[in-house]
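Data first, discussion second: the structure below is written as structure tokens.
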There are 2 protein chains.
Amino acid sequence: MSVQERKQRERADRERLIVATARQLAEQQGWDAVTTRLLAERIEYSQPVLYSHFRGKREIIGAVALEGAAELAATLRAATSTVAGQRARVTALARAYLDFAERNPAVYDAMFQLDGGLVFANEDTPEPLKDAFAALLESLGEVAGDGVHPGLFTELFWAALHGLATLTRARRLPPEVTEQRTQLLVDRLAVL
Amino acid sequence: MSVQERKQRERADRERLIVATARQLAEQQGWDAVTTRLLAERIEYSQPVLYSHFRGKREIIGAVALEGAAELAATLRAATSTVAGQRARVTALARAYLDFAERNPAVYDAMFQLDGGLVFANEDTPEPLKDAFAALLESLGEVAGDGVHPGLFTELFWAALHGLATLTRARRLPPEVTEQRTQLLVDRLAVL
DNA sequence: CTCGGTTGTCTAGCGGTGCTAGACTCCAAT
DNA sequence: ATTGGAGTCTAGCACCGCTAGACAACCGAG
């Protein structure tokens, strides 16, 4: 049995290598550069090996997205856990979110811009995605205001953050005043 | 001279045909289906003709985006011009924006999601794009609140609308409660 | 220790993409 | 009527995601 276990372990290692390499490649040269040929070359296997792990390129993107969602959730919790006061906590959350999107553009794209074959807002949404939303909800639910559904409020706040993140990164919004926009967002949307 | 004028006119007509066909094709079957081969077939010319009008596919997307921006600006002005009262006007604006994105997903993608080679937030931003932002500013500037820069406020409100539009259409947000989210957005962000 | 069979990997190639070089046609001006 | 240039087309390049089928490597049975 030990032989099979070793093979399974090696296989799992290789799968992680594929995802990590795809992510690295995407962050360095953009998702367009992540071709199955180049990816295969980087992991030092031939193309068909990729298809023995994933159904296709979209599933590889999906795997990167899930990894990113877990990181985002952890990042948000880390940024808010040590901060006292609702206002400061929400501000820290917003900054952490926008910062994550700016520092990991390819991962952010995999999660929200590209088609990774993932299902959202649904009972069979993958756990990391639900958890990332939960991380938002933890800080935002308490500032939703009276009579406002915390989930609905979180959705709105999230959408605003997402809009800021994508439009800024696509150079549709001037990046110099990001901080002012963030302040305004927190001031207006949150009930403190 | 009349011959050259006729040729120029025919050329301009054909260019409009290309853009209109690309848009129609994208709305019907998605941008993935807009291949240069299929597009050429639809306009009943060969592929190279496309490249005598545009540098490449991205420029065709850009042309659709500009057309869409002009329409969006007109739509927003039409939706707000007849409405009395700041609150009602801003609500009408938000609904019109989200409605436009939902009814013209391919055009919306061309403007904000895909790479159409366009420049934003810049002095040499194409006129229709600046005008679309101006249309937002006209209704939103008056509800920015004291001491808040109208342009900055409009950017934030726009980002929130954009986030709602994209996340809803990508099925990242449940569509049933769009109206509630819109109401909450207007209530919180606008100073009435 | 040999041998069959399974499991894993590779080479080669299919049908598609955006884009373009070079041949050709057709027509306006001489 | 001739000719030069504008306009269009055919054919093909290099690349894409993906896969069939050949081949090698290894495990377990005799």
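All residue names refer to the structure tokens as shown: chains lettered A, B, ... in order, residues numbered from 1 in each chain, ligands numbered from 1 in order.
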Neighbours of stretch 10-16 of chain D within 8 Å (only C-alpha atoms (C1' of nucleotides); same-chain residues fewer than 3 positions away dropped), as number ranges by chain? A: 35; C: 16-17
How would the residues just picked look written out with C-alpha atoms (C1' of nucleotides) as a PDB file, in the first residue's frame?
ATOM      1  CA  THR A  35      -0.934  28.834 -22.212  1.00  0.00           C
TER       2      THR A  35
ATOM      3  C1'  DG C  16      -9.705  26.638 -34.152  1.00  0.00           C
ATOM      4  C1'  DT C  17      -7.739  31.648 -33.362  1.00  0.00           C
TER       5       DT C  17
END
If we count only C-alpha atoms (C1' of nucleotides), what is near A:Val49 at a cut-off of 12 Å, once residues fewer than 6 positions away on the same chain are taken out, given as an NGL selection string? (:A and (11 or 14-15 or 18 or 36-37 or 39-41 or 43 or 55-56)) or (:C and (8-10)) or (:D and (18-19))
Best match for closeness to chain B among D:DA29, D:DA24, D:DG17, D:DT8, counting only C-alpha atoms (C1' of nucleotides):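 Closest candidate: D:DT8.
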Write out as an NGL selection string each polymer residue whose atoms come within 9 Å of B:Pro150, counting only C-alpha atoms (C1' of nucleotides); drop sequence neighbours fewer than 4 positions from it. :B and (137 or 140-145 or 154-155)
Could you name the residues that touch B:Asp115 at 12 Å or less, counting only C-alpha atoms (C1' of nucleotides), but leaving out those on the same chain fewer than 5 positions away, as number ranges by chain? A: 170-172; B: 31, 56-65, 108-110, 120
Limited to C-alpha atoms, could you put the picked residues into a file as a PDB file, in the first residue's frame?
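File result.pdb, as written:
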ATOM      1  CA  ALA A 170      -8.045  48.933 -15.328  1.00  0.00           C
ATOM      2  CA  ARG A 171      -6.976  52.593 -15.083  1.00  0.00           C
ATOM      3  CA  ARG A 172     -10.563  53.720 -15.331  1.00  0.00           C
TER       4      ARG A 172
ATOM      5  CA  TRP B  31     -17.762  38.064 -27.559  1.00  0.00           C
ATOM      6  CA  GLY B  56      -7.261  44.426 -35.068  1.00  0.00           C
ATOM      7  CA  LYS B  57     -10.028  42.875 -33.066  1.00  0.00           C
ATOM      8  CA  ARG B  58      -9.385  45.010 -30.011  1.00  0.00           C
ATOM      9  CA  GLU B  59     -10.036  48.162 -32.000  1.00  0.00           C
ATOM     10  CA  ILE B  60     -13.354  46.744 -33.132  1.00  0.00           C
ATOM     11  CA  ILE B  61     -14.231  46.124 -29.492  1.00  0.00           C
ATOM     12  CA  GLY B  62     -13.149  49.686 -28.775  1.00  0.00           C
ATOM     13  CA  ALA B  63     -15.454  51.017 -31.471  1.00  0.00           C
ATOM     14  CA  VAL B  64     -18.394  49.119 -29.972  1.00  0.00           C
ATOM     15  CA  ALA B  65     -17.437  50.505 -26.574  1.00  0.00           C
ATOM     16  CA  TYR B 108     -21.007  46.848 -21.231  1.00  0.00           C
ATOM     17  CA  ASP B 109     -18.218  44.293 -21.390  1.00  0.00           C
ATOM     18  CA  ALA B 110     -16.668  46.113 -24.323  1.00  0.00           C
ATOM     19  CA  PHE B 120      -9.747  56.497 -19.321  1.00  0.00           C
TER      20      PHE B 120
END
Can you list every residue in chain A that DSSP puts in alpha helix (DSSP H), as a VMD selection string? chain A and resid 2 to 29 36 to 42 47 to 51 57 to 81 86 to 103 105 to 112 127 to 140 150 to 169 178 to 189
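Every chain A residue lying within 10 Å of chain C, based on only C-alpha atoms (C1' of nucleotides), is listed here: Tyr45, Ser46, Gln47, Pro48, Val49 and Ser52 of chain A.
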Taking only C-alpha atoms into account, which residues of chain B are within 9 Å of chain A, as a PyMOL selection string? chain B and resi 112-113+119-122+148+152-153+155-167+170-174+177+180-182+184-185+187-191
Residue subset to file, keeping N, CA and C atoms, as a compact mmCIF listing (two decimals), in the first residue's frame:
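File out_10.txt, as written:
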# COMPACT_ATOMS: atom_id res chain seq x y z
N PHE B 112 -16.06 48.14 -20.24
CA PHE B 112 -15.41 48.10 -18.93
C PHE B 112 -14.71 46.79 -18.60
N GLN B 113 -14.98 45.75 -19.35
CA GLN B 113 -14.44 44.45 -18.97
C GLN B 113 -13.33 44.01 -19.93
N VAL B 119 -8.41 54.62 -23.44
CA VAL B 119 -7.77 55.30 -22.31
C VAL B 119 -8.84 56.03 -21.50
N PHE B 120 -8.77 55.86 -20.19
CA PHE B 120 -9.75 56.50 -19.32
C PHE B 120 -9.06 57.49 -18.40
N ALA B 121 -9.89 58.32 -17.76
CA ALA B 121 -9.40 59.22 -16.71
C ALA B 121 -8.13 59.94 -17.14
N ASN B 122 -8.20 60.54 -18.31
CA ASN B 122 -7.01 61.09 -18.92
C ASN B 122 -7.46 62.21 -19.87
N VAL B 148 -17.41 67.65 -0.09
CA VAL B 148 -16.97 66.46 -0.83
C VAL B 148 -16.86 66.82 -2.30
N LEU B 152 -14.99 63.15 -7.17
CA LEU B 152 -14.62 62.01 -6.34
C LEU B 152 -15.86 61.21 -5.93
N PHE B 153 -16.90 61.94 -5.54
CA PHE B 153 -18.14 61.26 -5.15
C PHE B 153 -18.73 60.47 -6.32
N GLU B 155 -17.11 59.24 -8.82
CA GLU B 155 -16.27 58.06 -9.04
C GLU B 155 -16.68 56.92 -8.11
N LEU B 156 -16.90 57.26 -6.86
CA LEU B 156 -17.29 56.24 -5.88
C LEU B 156 -18.65 55.64 -6.22
N PHE B 157 -19.60 56.50 -6.52
CA PHE B 157 -20.95 56.02 -6.84
C PHE B 157 -20.90 55.16 -8.10
N TRP B 158 -20.14 55.60 -9.05
CA TRP B 158 -19.99 54.84 -10.30
C TRP B 158 -19.38 53.46 -10.02
N ALA B 159 -18.33 53.46 -9.19
CA ALA B 159 -17.68 52.18 -8.86
C ALA B 159 -18.66 51.23 -8.21
N ALA B 160 -19.50 51.75 -7.33
CA ALA B 160 -20.49 50.90 -6.66
C ALA B 160 -21.48 50.34 -7.69
N LEU B 161 -21.93 51.19 -8.60
CA LEU B 161 -22.85 50.72 -9.65
C LEU B 161 -22.17 49.67 -10.52
N HIS B 162 -20.92 49.95 -10.85
CA HIS B 162 -20.18 49.02 -11.69
C HIS B 162 -20.02 47.66 -10.99
N GLY B 163 -19.70 47.70 -9.72
CA GLY B 163 -19.57 46.46 -8.95
C GLY B 163 -20.87 45.69 -8.92
N LEU B 164 -21.96 46.39 -8.66
CA LEU B 164 -23.27 45.73 -8.64
C LEU B 164 -23.57 45.13 -10.01
N ALA B 165 -23.32 45.89 -11.06
CA ALA B 165 -23.63 45.42 -12.42
C ALA B 165 -22.84 44.17 -12.77
N THR B 166 -21.55 44.21 -12.54
CA THR B 166 -20.71 43.08 -12.97
C THR B 166 -20.93 41.85 -12.09
N LEU B 167 -21.00 42.05 -10.79
CA LEU B 167 -21.17 40.90 -9.91
C LEU B 167 -22.54 40.25 -10.08
N ALA B 170 -22.44 38.34 -13.44
CA ALA B 170 -21.59 37.15 -13.37
C ALA B 170 -22.15 36.15 -12.36
N ARG B 171 -23.36 36.39 -11.92
CA ARG B 171 -24.06 35.54 -10.94
C ARG B 171 -23.26 35.40 -9.64
N ARG B 172 -22.55 36.44 -9.30
CA ARG B 172 -21.86 36.46 -8.01
C ARG B 172 -22.76 37.04 -6.94
N LEU B 173 -23.83 37.73 -7.35
CA LEU B 173 -24.81 38.28 -6.41
C LEU B 173 -26.19 37.82 -6.83
N PRO B 174 -27.04 37.45 -5.86
CA PRO B 174 -28.40 37.02 -6.21
C PRO B 174 -29.18 38.17 -6.83
N VAL B 177 -32.69 40.52 -5.30
CA VAL B 177 -32.74 41.66 -4.38
C VAL B 177 -32.00 42.88 -4.92
N GLN B 180 -33.51 46.20 -3.77
CA GLN B 180 -33.18 46.58 -2.39
C GLN B 180 -31.76 47.13 -2.29
N ARG B 181 -30.82 46.47 -2.99
CA ARG B 181 -29.44 46.95 -2.94
C ARG B 181 -29.34 48.35 -3.55
N THR B 182 -30.09 48.56 -4.62
CA THR B 182 -30.07 49.88 -5.26
C THR B 182 -30.60 50.94 -4.30
N LEU B 184 -30.67 50.86 -1.06
CA LEU B 184 -29.71 51.05 0.03
C LEU B 184 -28.53 51.91 -0.44
N LEU B 185 -28.08 51.66 -1.66
CA LEU B 185 -26.98 52.44 -2.23
C LEU B 185 -27.33 53.92 -2.27
N ASP B 187 -29.76 55.53 -0.63
CA ASP B 187 -30.01 56.04 0.72
C ASP B 187 -28.72 56.40 1.44
N ARG B 188 -27.72 55.52 1.31
CA ARG B 188 -26.51 55.71 2.10
C ARG B 188 -25.53 56.67 1.44
N LEU B 189 -25.31 56.50 0.16
CA LEU B 189 -24.24 57.29 -0.47
C LEU B 189 -24.64 58.74 -0.73
N ALA B 190 -25.85 58.93 -1.19
CA ALA B 190 -26.26 60.29 -1.55
C ALA B 190 -26.65 61.10 -0.32
N VAL B 191 -26.27 62.36 -0.32
CA VAL B 191 -26.70 63.29 0.73
C VAL B 191 -27.88 64.08 0.17
What is the distance, in Å and to one decimal place, between atom CA of B:Ala12 and atom CA of B:Leu129?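 Computing it gives 21.7 Å between the two atoms.
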Mind giving me the straight-line distance from atom CA of B:Tyr97 to atom CA of B:Leu66 in Å, one decimal?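 So the two atoms, atom CA of B:Tyr97 and atom CA of B:Leu66, lie 16.1 Å apart.
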d(atom CA of B:Gly30, atom CA of A:Leu50) in Å: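 Here the two named atoms are 27.4 Å from each other.
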